[in-house]
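Data from data24.cif: mmCIF, C-alpha atoms and all ligand atoms
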data_my_file
#
loop_
_atom_site.label_atom_id
_atom_site.label_comp_id
_atom_site.auth_asym_id
_atom_site.auth_seq_id
_atom_site.Cartn_x
_atom_site.Cartn_y
_atom_site.Cartn_z
CA MET A 116 13.65 -2.58 -3.09
CA ALA A 117 14.96 -4.69 -0.22
CA ILE A 118 18.28 -4.41 1.61
CA ILE A 119 19.72 -7.68 2.95
CA LEU A 120 22.51 -8.33 5.45
CA GLY A 121 24.21 -11.65 4.71
CA LEU A 122 26.54 -13.61 7.03
CA GLU A 123 28.91 -16.41 6.03
CA SER A 124 30.88 -18.65 8.42
CA SER A 125 30.69 -22.22 7.12
CA CYS A 126 34.40 -22.82 6.56
CA ASP A 127 37.43 -20.56 7.15
CA GLU A 128 36.10 -17.25 5.86
CA THR A 129 34.10 -14.98 8.18
CA ALA A 130 32.07 -12.48 6.17
CA ALA A 131 29.27 -9.95 6.39
CA ALA A 132 27.87 -8.09 3.39
CA ILE A 133 24.96 -5.80 2.57
CA VAL A 134 23.29 -6.18 -0.83
CA ARG A 135 20.28 -4.41 -2.33
CA SER A 136 17.81 -6.35 -4.47
CA ASP A 137 18.75 -4.24 -7.52
CA ARG A 138 22.20 -5.97 -7.36
CA THR A 139 24.03 -3.10 -5.66
CA ILE A 140 26.68 -4.36 -3.24
CA LEU A 141 26.57 -1.75 -0.47
CA ALA A 142 29.21 -3.35 1.76
CA HIS A 143 31.40 -6.42 1.71
CA ALA A 144 33.50 -7.20 4.80
CA LEU A 145 35.56 -10.37 5.04
CA ALA A 146 38.26 -11.85 7.26
CA GLY A 147 40.17 -14.93 6.17
CA GLN A 148 41.59 -17.28 8.79
CA GLU A 149 44.57 -18.63 6.82
CA ASP A 150 47.00 -17.59 9.55
CA HIS A 151 45.03 -19.53 12.17
CA HIS A 152 45.17 -22.78 10.18
CA ARG A 153 48.42 -22.62 8.20
CA ALA A 154 50.52 -24.45 10.82
CA PHE A 155 48.07 -27.40 10.63
CA GLY A 156 48.01 -27.58 6.81
CA GLY A 157 44.21 -27.43 6.76
CA VAL A 158 41.16 -25.95 8.45
CA VAL A 159 40.81 -27.02 12.12
CA PRO A 160 37.05 -26.92 12.91
CA GLU A 161 37.36 -25.89 16.58
CA ILE A 162 39.84 -23.11 15.80
CA ALA A 163 37.61 -21.95 12.94
CA ALA A 164 34.52 -21.80 15.17
CA ARG A 165 36.33 -19.72 17.79
CA ALA A 166 37.68 -17.35 15.17
CA HIS A 167 34.21 -16.91 13.63
CA ALA A 168 32.84 -16.09 17.10
CA GLU A 169 35.50 -13.40 17.57
CA LEU A 170 35.24 -11.92 14.09
CA MET A 171 31.54 -12.00 13.23
CA THR A 172 30.18 -9.09 15.28
CA PRO A 173 33.01 -6.69 14.34
CA LEU A 174 32.47 -7.61 10.68
CA VAL A 175 28.74 -6.85 10.91
CA GLU A 176 29.65 -3.45 12.39
CA ALA A 177 32.24 -2.90 9.66
CA ALA A 178 29.69 -3.73 6.94
CA LEU A 179 27.11 -1.34 8.43
CA ASP A 180 29.79 1.39 8.65
CA GLU A 181 30.88 0.81 5.05
CA ALA A 182 27.27 1.10 3.86
CA GLY A 183 26.68 4.14 6.13
CA MET A 184 23.71 2.33 7.64
CA THR A 185 22.26 1.10 10.89
CA LEU A 186 20.28 -2.09 11.47
CA ASP A 187 17.11 0.00 10.98
CA ASP A 188 17.96 0.27 7.28
CA ILE A 189 18.15 -3.51 6.82
CA ASP A 190 15.03 -5.35 5.61
CA ALA A 191 16.07 -8.96 6.27
CA ILE A 192 18.97 -10.92 7.74
CA ALA A 193 20.37 -13.93 5.89
CA ALA A 194 23.00 -16.38 7.09
CA THR A 195 24.53 -19.61 5.89
CA ALA A 196 22.69 -22.33 7.83
CA GLY A 197 24.65 -25.24 6.31
CA PRO A 198 26.25 -27.30 4.94
CA GLY A 199 29.66 -26.78 6.53
CA LEU A 200 31.69 -27.04 9.73
CA ILE A 201 28.88 -26.95 12.24
CA GLY A 202 30.55 -24.81 14.93
CA GLY A 203 31.16 -22.07 12.39
CA VAL A 204 27.72 -22.35 10.82
CA MET A 205 26.14 -21.97 14.27
CA VAL A 206 28.05 -18.74 14.91
CA GLY A 207 26.65 -17.07 11.79
CA LEU A 208 23.16 -18.47 12.15
CA VAL A 209 22.85 -17.60 15.84
CA THR A 210 24.15 -14.07 15.16
CA ALA A 211 21.54 -13.69 12.41
CA LYS A 212 18.78 -15.01 14.67
CA ALA A 213 19.75 -12.58 17.44
CA LEU A 214 19.76 -9.63 15.00
CA ALA A 215 16.44 -10.73 13.47
CA MET A 216 14.88 -11.07 16.90
CA ALA A 217 16.20 -7.75 18.19
CA THR A 218 15.08 -5.83 15.09
CA ASP A 219 11.93 -7.84 14.32
CA LYS A 220 13.15 -8.41 10.75
CA PRO A 221 12.78 -11.68 8.82
CA LEU A 222 15.47 -14.37 9.03
CA ILE A 223 16.57 -16.21 5.90
CA ALA A 224 18.47 -19.49 6.42
CA VAL A 225 20.59 -19.92 3.29
CA ASN A 226 22.06 -23.13 1.94
CA HIS A 227 25.73 -22.26 1.30
CA LEU A 228 25.60 -24.16 -2.00
CA GLU A 229 22.63 -22.06 -3.09
CA GLY A 230 24.72 -19.00 -2.23
CA HIS A 231 27.35 -20.19 -4.73
CA ALA A 232 24.70 -21.33 -7.24
CA LEU A 233 22.89 -17.97 -7.38
CA SER A 234 25.99 -15.75 -7.05
CA PRO A 235 26.43 -15.31 -10.83
CA ARG A 236 22.99 -13.65 -10.95
CA LEU A 237 24.26 -10.97 -8.56
CA VAL A 238 26.70 -9.73 -11.20
CA ASP A 239 24.79 -10.67 -14.37
CA ALA A 240 21.25 -9.29 -14.61
CA ASP A 241 20.70 -11.17 -17.88
CA LEU A 242 21.32 -14.62 -16.43
CA SER A 243 17.87 -16.19 -16.23
CA PHE A 244 16.70 -19.67 -15.21
CA PRO A 245 17.27 -22.41 -16.17
CA TYR A 246 21.06 -22.64 -16.48
CA LEU A 247 23.70 -25.32 -16.23
CA LEU A 248 25.95 -24.89 -13.19
CA LEU A 249 29.29 -26.49 -12.45
CA LEU A 250 29.74 -26.04 -8.70
CA VAL A 251 33.33 -26.68 -7.74
CA SER A 252 34.46 -25.92 -4.19
CA GLY A 253 36.49 -27.35 -1.32
CA GLY A 254 33.62 -29.61 -0.28
CA HIS A 255 31.71 -30.20 -3.52
CA CYS A 256 31.94 -31.02 -7.19
CA GLN A 257 28.50 -31.06 -8.76
CA LEU A 258 26.82 -30.42 -12.06
CA LEU A 259 23.36 -28.94 -11.55
CA ARG A 260 20.49 -27.73 -13.62
CA VAL A 261 19.34 -24.58 -11.82
CA ASN A 262 15.62 -24.25 -12.51
CA GLY A 263 14.83 -21.47 -10.05
CA VAL A 264 15.36 -20.33 -6.48
CA GLY A 265 15.30 -23.49 -4.35
CA GLU A 266 14.85 -25.66 -7.47
CA TYR A 267 17.81 -27.77 -8.51
CA ASP A 268 18.32 -31.00 -10.45
CA ARG A 269 21.60 -32.64 -9.59
CA LEU A 270 23.00 -34.22 -12.75
CA ALA A 271 26.34 -35.38 -11.34
CA THR A 272 28.43 -35.33 -8.19
CA THR A 273 31.80 -36.66 -7.06
CA ILE A 274 31.98 -40.25 -5.91
CA ASP A 275 34.97 -39.48 -3.67
CA ASP A 276 36.93 -36.22 -3.25
CA ALA A 277 35.71 -32.75 -4.12
CA VAL A 278 37.81 -30.99 -6.73
CA GLY A 279 39.03 -28.27 -4.32
CA GLU A 280 39.96 -31.01 -1.87
CA ALA A 281 42.10 -32.60 -4.62
CA PHE A 282 43.85 -29.23 -5.14
CA ASP A 283 44.38 -28.84 -1.38
CA LYS A 284 45.74 -32.38 -0.94
CA THR A 285 48.01 -32.00 -3.97
CA ALA A 286 49.39 -28.76 -2.49
CA LYS A 287 50.04 -30.53 0.79
CA ILE A 288 51.83 -33.46 -0.91
CA LEU A 289 53.95 -31.06 -2.94
CA GLY A 290 54.72 -28.86 0.06
CA LEU A 291 53.15 -25.82 -1.58
CA GLY A 292 51.35 -24.61 1.53
CA PHE A 293 47.82 -23.63 2.43
CA PRO A 294 45.34 -22.72 0.97
CA GLY A 295 46.18 -25.18 -1.76
CA GLY A 296 44.25 -24.21 -4.89
CA PRO A 297 45.95 -20.87 -5.60
CA ALA A 298 49.36 -22.35 -4.63
CA VAL A 299 48.98 -25.22 -7.13
CA GLU A 300 47.85 -22.80 -9.83
CA ARG A 301 50.91 -20.58 -9.23
CA ALA A 302 53.33 -23.54 -9.32
CA ALA A 303 51.61 -24.93 -12.44
CA ALA A 304 52.30 -21.68 -14.28
CA ASN A 305 56.01 -22.61 -14.26
CA GLY A 306 55.56 -26.29 -15.10
CA ASN A 307 55.10 -28.58 -18.09
CA ALA A 308 51.57 -30.05 -18.12
CA SER A 309 52.62 -33.12 -20.11
CA ALA A 310 55.72 -33.97 -18.05
CA VAL A 311 54.05 -36.34 -15.58
CA PRO A 312 51.71 -39.17 -16.69
CA LEU A 313 48.63 -38.95 -14.45
CA PRO A 314 45.28 -40.77 -14.72
CA ARG A 315 41.96 -39.21 -15.78
CA PRO A 316 39.54 -40.98 -13.37
CA LEU A 317 36.17 -41.94 -14.96
CA LYS A 318 37.15 -40.42 -18.34
CA GLY A 319 34.95 -42.03 -20.98
CA ALA A 320 32.82 -43.80 -18.35
CA ASP A 321 29.17 -44.38 -19.17
CA GLU A 322 27.92 -42.49 -16.11
CA PRO A 323 27.84 -38.78 -15.28
CA HIS A 324 29.84 -38.61 -12.03
CA PHE A 325 33.25 -37.20 -11.10
CA SER A 326 36.16 -38.81 -9.25
CA PHE A 327 39.44 -37.29 -8.06
CA ALA A 328 40.80 -39.62 -5.36
CA GLY A 329 42.87 -41.69 -7.83
CA LEU A 330 44.45 -38.54 -9.18
CA LYS A 331 45.59 -37.45 -5.74
CA SER A 332 47.15 -40.90 -5.08
CA ALA A 333 48.97 -40.72 -8.42
CA VAL A 334 50.33 -37.28 -7.48
CA LEU A 335 51.68 -38.78 -4.26
CA ARG A 336 53.41 -41.64 -6.14
CA ALA A 337 54.88 -39.26 -8.73
CA HIS A 338 56.24 -36.99 -6.01
CA GLU A 339 57.67 -39.86 -3.98
CA SER A 340 59.42 -41.27 -7.06
CA GLY A 341 61.71 -38.24 -6.97
CA GLN A 342 61.69 -38.14 -10.79
CA TYR A 343 59.72 -34.95 -11.31
CA ARG A 344 59.86 -31.23 -10.56
CA VAL A 345 57.14 -29.94 -8.25
CA GLU A 346 56.07 -27.39 -10.90
CA ASP A 347 55.68 -30.16 -13.50
CA ILE A 348 53.58 -32.28 -11.16
CA ALA A 349 51.39 -29.26 -10.35
CA ALA A 350 50.91 -28.43 -14.04
CA SER A 351 50.20 -32.07 -14.95
CA PHE A 352 47.72 -32.37 -12.08
CA GLN A 353 45.88 -29.21 -13.09
CA GLN A 354 45.71 -30.44 -16.70
CA ALA A 355 44.31 -33.79 -15.53
CA VAL A 356 41.60 -31.97 -13.54
CA VAL A 357 40.74 -29.84 -16.58
CA ASP A 358 40.52 -32.97 -18.78
CA CYS A 359 38.30 -34.81 -16.28
CA LEU A 360 35.95 -31.85 -15.85
CA LEU A 361 35.67 -31.40 -19.62
CA ASP A 362 34.98 -35.10 -20.23
CA ARG A 363 32.31 -35.31 -17.53
CA LEU A 364 30.69 -32.05 -18.60
CA SER A 365 30.53 -33.22 -22.22
CA TYR A 366 28.92 -36.48 -21.11
CA SER A 367 26.05 -34.69 -19.37
CA VAL A 368 25.58 -31.88 -21.88
CA ASP A 369 25.22 -34.46 -24.67
CA ARG A 370 22.36 -36.07 -22.77
CA ILE A 371 20.22 -33.19 -21.56
CA GLU A 372 18.03 -30.69 -23.40
CA PRO A 373 20.11 -27.68 -24.45
CA LEU A 374 20.51 -24.85 -21.95
CA SER A 375 21.42 -21.32 -22.96
CA ALA A 376 24.10 -20.65 -20.33
CA LEU A 377 26.95 -22.50 -18.65
CA VAL A 378 27.80 -21.07 -15.23
CA VAL A 379 30.68 -21.90 -12.93
CA ALA A 380 30.72 -21.12 -9.19
CA GLY A 381 32.57 -22.10 -6.01
CA GLY A 382 36.17 -21.51 -4.93
CA VAL A 383 37.76 -23.62 -7.66
CA ALA A 384 36.05 -21.39 -10.24
CA ALA A 385 38.86 -18.95 -9.44
CA ASN A 386 41.24 -21.24 -11.39
CA GLY A 387 42.30 -19.69 -14.69
CA ALA A 388 42.89 -22.97 -16.57
CA ILE A 389 39.45 -24.27 -15.59
CA ARG A 390 37.75 -20.99 -16.55
CA THR A 391 39.47 -21.00 -19.95
CA MET A 392 38.43 -24.60 -20.63
CA LEU A 393 34.82 -23.83 -19.67
CA ALA A 394 34.71 -20.67 -21.77
CA ASP A 395 35.93 -22.63 -24.82
CA PHE A 396 33.48 -25.46 -24.16
CA ALA A 397 30.55 -23.03 -23.91
CA ASP A 398 31.69 -21.28 -27.07
CA GLU A 399 31.77 -24.55 -29.04
CA ARG A 400 28.29 -25.49 -27.81
CA GLY A 401 26.79 -22.07 -28.49
CA MET A 402 26.18 -21.46 -24.79
CA ARG A 403 26.80 -18.22 -22.94
CA PHE A 404 29.52 -18.61 -20.31
CA VAL A 405 29.09 -16.81 -16.99
CA ALA A 406 31.77 -16.84 -14.31
CA PRO A 407 31.59 -14.57 -11.27
CA PRO A 408 34.61 -12.35 -10.54
CA LEU A 409 37.28 -14.12 -8.47
CA TRP A 410 36.33 -12.54 -5.14
CA LEU A 411 32.75 -13.79 -5.58
CA CYS A 412 33.90 -17.37 -6.39
CA THR A 413 35.49 -18.05 -3.00
CA ASP A 414 33.33 -17.85 0.13
CA ASN A 415 31.95 -14.38 0.89
CA GLY A 416 28.97 -12.65 2.47
CA ALA A 417 27.63 -11.02 -0.68
CA MET A 418 26.56 -14.35 -2.19
CA ILE A 419 24.64 -15.17 1.00
CA ALA A 420 23.01 -11.73 1.08
CA TRP A 421 22.08 -12.13 -2.60
CA ALA A 422 20.60 -15.62 -2.06
CA GLY A 423 18.69 -13.98 0.81
CA ALA A 424 17.42 -11.28 -1.55
CA GLU A 425 16.28 -13.91 -4.07
CA ARG A 426 14.54 -15.95 -1.38
CA LEU A 427 12.90 -12.88 0.19
CA ALA A 428 11.55 -11.86 -3.23
CA ALA A 429 10.09 -15.38 -3.55
CA GLY A 430 8.47 -15.06 -0.11
CA MET A 431 10.78 -17.64 1.47
CA THR A 432 11.71 -16.72 5.03
CA ASP A 433 12.51 -18.95 8.00
CA GLY A 434 11.58 -19.27 11.66
CA LEU A 435 13.93 -18.51 14.54
CA ASP A 436 13.83 -22.24 15.32
CA PHE A 437 15.76 -23.11 12.14
CA VAL A 438 18.49 -25.61 13.09
CA ALA A 439 22.02 -25.40 11.60
CA ARG A 440 22.74 -28.33 9.27
CA PRO A 441 26.20 -29.89 8.85
CA ARG A 442 24.91 -31.72 5.74
CA TRP A 443 22.34 -30.19 3.43
CA PRO A 444 22.21 -31.31 -0.19
CA LEU A 445 20.73 -28.82 -2.64
O1 LIG B 501 33.96 -22.14 -2.16
P1 LIG B 501 35.14 -22.14 -1.29
O2 LIG B 501 35.78 -20.81 -0.94
O3 LIG B 501 34.85 -22.87 0.06
C1 LIG B 501 34.03 -24.00 0.10
O4 LIG B 501 32.78 -23.82 0.18
O5 LIG B 501 34.60 -25.11 0.00
O6 LIG B 501 36.22 -23.08 -1.99
C2 LIG B 501 37.47 -23.30 -1.43
C3 LIG B 501 38.24 -24.23 -2.34
C4 LIG B 501 39.54 -24.70 -1.73
O7 LIG B 501 39.65 -26.10 -1.90
C5 LIG B 501 40.60 -23.94 -2.53
O8 LIG B 501 41.84 -24.62 -2.61
C6 LIG B 501 39.92 -23.85 -3.88
O9 LIG B 501 38.58 -23.56 -3.58
N1 LIG B 501 40.51 -22.79 -4.71
C7 LIG B 501 41.15 -23.03 -5.87
C8 LIG B 501 41.65 -21.77 -6.33
N2 LIG B 501 41.25 -20.82 -5.42
C9 LIG B 501 40.57 -21.47 -4.45
N3 LIG B 501 41.37 -24.18 -6.55
C10 LIG B 501 42.07 -24.09 -7.70
N4 LIG B 501 42.58 -22.94 -8.19
C11 LIG B 501 42.39 -21.76 -7.54
N5 LIG B 501 42.89 -20.62 -8.03
ZN ZN B 502 31.91 -22.29 -0.52
#
Exercise: express the given structure as structure tokens:
Amino acid sequence: MAIILGLESSCDETAAAIVRSDRTILAHALAGQEDHHRAFGGVVPEIAARAHAELMTPLVEAALDEAGMTLDDIDAIAATAGPGLIGGVMVGLVTAKALAMATDKPLIAVNHLEGHALSPRLVDADLSFPYLLLLVSGGHCQLLRVNGVGEYDRLATTIDDAVGEAFDKTAKILGLGFPGGPAVERAAANGNASAVPLPRPLKGADEPHFSFAGLKSAVLRAHESGQYRVEDIAASFQQAVVDCLLDRLSYSVDRIEPLSALVVAGGVAANGAIRTMLADFADERGMRFVAPPLWLCTDNGAMIAWAGAERLAAGMTDGLDFVARPRWPL
């Protein structure tokens, strides 16, 4: 059984976690940077990189303390090596390289998207390949067929904004603060989802992709018209996102060979309305629905440690010359 230390620093969460290959989470340390970025209404890459540099080593120490371990007990060191804000990615990857070099343990350079994609298997031992994955985060909106570790077929992606980006921009337009997704969801809980007429971009289109930019522009126009309550716009926006995701998902599922499980991952998977829609969809199609717990949906170190465990088991390790990648499609 292998014990993996996993580091995450690709956006505004600094995290270090220790996971054992039997799915035991031995430690899970995380520091958000919301306070650093709130005044700017979004993540500032340079500020994020500096914060990661300050926080990473103390978090590694905190994770080792929590697990009651030293570096000697660790079998391999995994870190997000991309895609993401490159200054932050470099902090985690360089820290992992230094630890790997000092301890003579293998380095595993993890694709952040693979971290999200495999995270449901950390909490569900019965989830086997292949499965259908809706990956919805701040930077991505993709539908993937996950065939195995390192083996993905991309069925659909967004042609403009990522879905989390649409939530964040909507929150900014509505003055709901940062981070946007949870703020929009909270406001939507007190709103009427049919109060504001909003478009459903690409609904019914004869292609598999997603689009959210038009929705965000419509939110801006609705807000500027002064006709609607913020809560009603938030609820109507969230409903439009749910409708678009359902339509696009149905399009692809109707055209591929049946898969036994539908899995959702990424920060937006924390959204209750989206989870409910997906659970109902899976139920109707006779698919099992797997959603990680909320803390595992948003960025964290455990998903990187777990992806490291899966890659180590498959014999996939990386050299100390691995270069951090700002872009890295699955
Ligand atoms: O996966 P993640 O933590 O970071 C990236 O890799 O992008 O995802 C962050 C995104 C943000 O856009 C955030 O607003 C969104 O996930 N998010 C949500 C919710 N919680 C986080 N979106 C909608 N509803 C939520 N409850
Ligand atoms: Zn992420």
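With all atoms listed in the file as the atoms that count, the residue of A:Ala240, A:Leu364, A:Val379, A:Leu208 with the shortest distance to Ile419 of chain A is A:Leu208.
Closest approach to Val405 of chain A among A:His143, A:Leu247, A:Asp268, A:Glu229: A:Leu247, based on only C-alpha atoms.
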Counting all atoms listed in the file, the residue of A:Gly279, A:Pro407, A:Pro441, A:Gly416 that sits nearest Val238 of chain A:
A:Pro407
Around the point (18.8, -12.3, -2.5), in the coordinates given by the file, pick out the residues reaching within 12 Å, counting all atoms listed in the file, and return them as a ChimeraX atom specification.
/A:116-121,132-140,190-194,223-225,229-237,264-265,416-432
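If you measure from each of A:Arg153, A:Arg400, A:His227, A:Arg370 to Gly199 of chain A using all atoms listed in the file, the closest one turns out to be A:His227.
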Report as a PyMOL selection string which protein, DNA and RNA residues come within 10 Å of ligand LIG 501 (chain B), using all atoms listed in the file.
chain A and resi 124-128+157+198-199+227-228+230-231+250-256+277-286+293-301+353+356+380-390+409-415
Would you kindly return, as an MDAnalysis selection string, each protein, DNA or RNA residue with an atom no farther than 10 Å from any atom of Ile274 of chain A, considering only C-alpha atoms and excluding same-chain residues fewer than 6 positions away?
chainID A and resid 256 324:328
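Put simply, atom CA of Met216 of chain A is 24.3 Å away from atom CA of Leu200 of chain A.
Counting only C-alpha atoms, the residue from A:Ser365, A:Gln257, A:Thr210, A:Ser243 that sits nearest to Thr195 of chain A is A:Thr210.
Closest to Phe404 of chain A among A:Ala349, A:Pro316, A:Leu377, A:Tyr267 is A:Leu377, based on all atoms listed in the file.
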Write out as a ChimeraX atom specification which residues come within 12 Å of Thr185 of chain A when counting all atoms listed in the file, dropping same-chain ones fewer than 3 positions away.
/A:118,120,133,175-182,188-190,214,218
One decimal, in Å: what's the spacing between atom CA of His151 of chain A and atom CA of Leu174 of chain A?
17.4 Å
Is it possible to get the axis-aligned box enclosing segment 120-126 of chain A (all listed atoms, 8 Å extra per side) as lines of an AutoDock Vina configuration file, with centre and edge lengths in Å rounded to one decimal?
center_x = 28.5
center_y = -15.6
center_z = 6.6
size_x = 27.9
size_y = 30.5
size_z = 19.7
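Atom CA of Gly306 of chain A sits 28.9 Å away from atom CA of Ala320 of chain A.
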At most 10 Å from (22.1, -37.6, -8.0), file frame, all atoms listed in the file: which residues, as a ChimeraX atom specification?
/A:257-259,268-273,323-324
Could you write out the selected residues, including C-alpha atoms, as a JSON list (two decimals), in the frame of the given file?
[["chain", "number", "residue", "atom", "x", "y", "z"],
["A", 257, "GLN", "CA", 28.50, -31.06, -8.76],
["A", 258, "LEU", "CA", 26.82, -30.42, -12.06],
["A", 259, "LEU", "CA", 23.36, -28.94, -11.55],
["A", 268, "ASP", "CA", 18.32, -31.00, -10.45],
["A", 269, "ARG", "CA", 21.60, -32.64, -9.59],
["A", 270, "LEU", "CA", 23.00, -34.22, -12.75],
["A", 271, "ALA", "CA", 26.34, -35.38, -11.34],
["A", 272, "THR", "CA", 28.43, -35.33, -8.19],
["A", 273, "THR", "CA", 31.80, -36.66, -7.06],
["A", 323, "PRO", "CA", 27.84, -38.78, -15.28],
["A", 324, "HIS", "CA", 29.84, -38.61, -12.03]]
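Once Glu322 of chain A and its same-chain neighbours fewer than 4 positions away are set aside, A:Ala271, A:Leu317, A:Lys318, A:Arg363, A:Tyr366, A:Ser367 remain within 10 Å of it when counting only C-alpha atoms.
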Restricting it to C-alpha atoms, dump the selection as a PDB file, keeping the file's coordinate frame.
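Okay, this is what ended up in part-v3.pdb:
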ATOM      1  CA  ALA A 271      26.340 -35.380 -11.340  1.00  0.00           C
ATOM      2  CA  LEU A 317      36.170 -41.940 -14.960  1.00  0.00           C
ATOM      3  CA  LYS A 318      37.150 -40.420 -18.340  1.00  0.00           C
ATOM      4  CA  ARG A 363      32.310 -35.310 -17.530  1.00  0.00           C
ATOM      5  CA  TYR A 366      28.920 -36.480 -21.110  1.00  0.00           C
ATOM      6  CA  SER A 367      26.050 -34.690 -19.370  1.00  0.00           C
TER       7      SER A 367
END
Please fill the gaps in segment 363-380 of chain A so it has N, CA and C atoms, and write that as an mmCIF file, in the coordinates of the input.
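Listing of selection.cif after writing:
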data_model
loop_
_atom_site.group_PDB
_atom_site.id
_atom_site.type_symbol
_atom_site.label_atom_id
_atom_site.label_comp_id
_atom_site.auth_asym_id
_atom_site.auth_seq_id
_atom_site.Cartn_x
_atom_site.Cartn_y
_atom_site.Cartn_z
ATOM 1 N N ARG A 363 33.551 -35.062 -18.265
ATOM 2 C CA ARG A 363 32.310 -35.310 -17.530
ATOM 3 C C ARG A 363 31.218 -34.317 -17.924
ATOM 4 N N LEU A 364 31.638 -33.079 -18.162
ATOM 5 C CA LEU A 364 30.690 -32.050 -18.600
ATOM 6 C C LEU A 364 30.115 -32.413 -19.962
ATOM 7 N N SER A 365 30.985 -32.847 -20.877
ATOM 8 C CA SER A 365 30.530 -33.220 -22.220
ATOM 9 C C SER A 365 29.529 -34.367 -22.126
ATOM 10 N N TYR A 366 29.815 -35.328 -21.255
ATOM 11 C CA TYR A 366 28.920 -36.480 -21.110
ATOM 12 C C TYR A 366 27.507 -35.998 -20.780
ATOM 13 N N SER A 367 27.387 -35.132 -19.783
ATOM 14 C CA SER A 367 26.050 -34.690 -19.370
ATOM 15 C C SER A 367 25.401 -33.779 -20.392
ATOM 16 N N VAL A 368 26.170 -32.846 -20.932
ATOM 17 C CA VAL A 368 25.580 -31.880 -21.880
ATOM 18 C C VAL A 368 25.046 -32.598 -23.115
ATOM 19 N N ASP A 369 25.707 -33.680 -23.524
ATOM 20 C CA ASP A 369 25.220 -34.460 -24.670
ATOM 21 C C ASP A 369 23.898 -35.148 -24.381
ATOM 22 N N ARG A 370 23.534 -35.273 -23.121
ATOM 23 C CA ARG A 370 22.360 -36.070 -22.770
ATOM 24 C C ARG A 370 21.194 -35.282 -22.202
ATOM 25 N N ILE A 371 21.341 -33.970 -22.088
ATOM 26 C CA ILE A 371 20.220 -33.190 -21.560
ATOM 27 C C ILE A 371 19.730 -32.216 -22.640
ATOM 28 N N GLU A 372 18.521 -31.671 -22.433
ATOM 29 C CA GLU A 372 18.030 -30.690 -23.400
ATOM 30 C C GLU A 372 18.922 -29.443 -23.306
ATOM 31 N N PRO A 373 19.174 -28.794 -24.442
ATOM 32 C CA PRO A 373 20.110 -27.680 -24.450
ATOM 33 C C PRO A 373 19.722 -26.558 -23.480
ATOM 34 N N LEU A 374 20.727 -25.989 -22.834
ATOM 35 C CA LEU A 374 20.510 -24.850 -21.950
ATOM 36 C C LEU A 374 21.300 -23.675 -22.520
ATOM 37 N N SER A 375 20.809 -22.459 -22.276
ATOM 38 C CA SER A 375 21.420 -21.320 -22.960
ATOM 39 C C SER A 375 22.716 -20.842 -22.293
ATOM 40 N N ALA A 376 22.900 -21.165 -20.997
ATOM 41 C CA ALA A 376 24.100 -20.650 -20.330
ATOM 42 C C ALA A 376 24.788 -21.721 -19.489
ATOM 43 N N LEU A 377 26.109 -21.674 -19.528
ATOM 44 C CA LEU A 377 26.950 -22.500 -18.650
ATOM 45 C C LEU A 377 27.546 -21.557 -17.604
ATOM 46 N N VAL A 378 27.365 -21.927 -16.337
ATOM 47 C CA VAL A 378 27.800 -21.070 -15.230
ATOM 48 C C VAL A 378 28.743 -21.872 -14.350
ATOM 49 N N VAL A 379 29.797 -21.227 -13.874
ATOM 50 C CA VAL A 379 30.680 -21.900 -12.930
ATOM 51 C C VAL A 379 30.669 -21.107 -11.625
ATOM 52 N N ALA A 380 30.696 -21.794 -10.485
ATOM 53 C CA ALA A 380 30.720 -21.120 -9.190
ATOM 54 C C ALA A 380 31.457 -21.980 -8.183
#
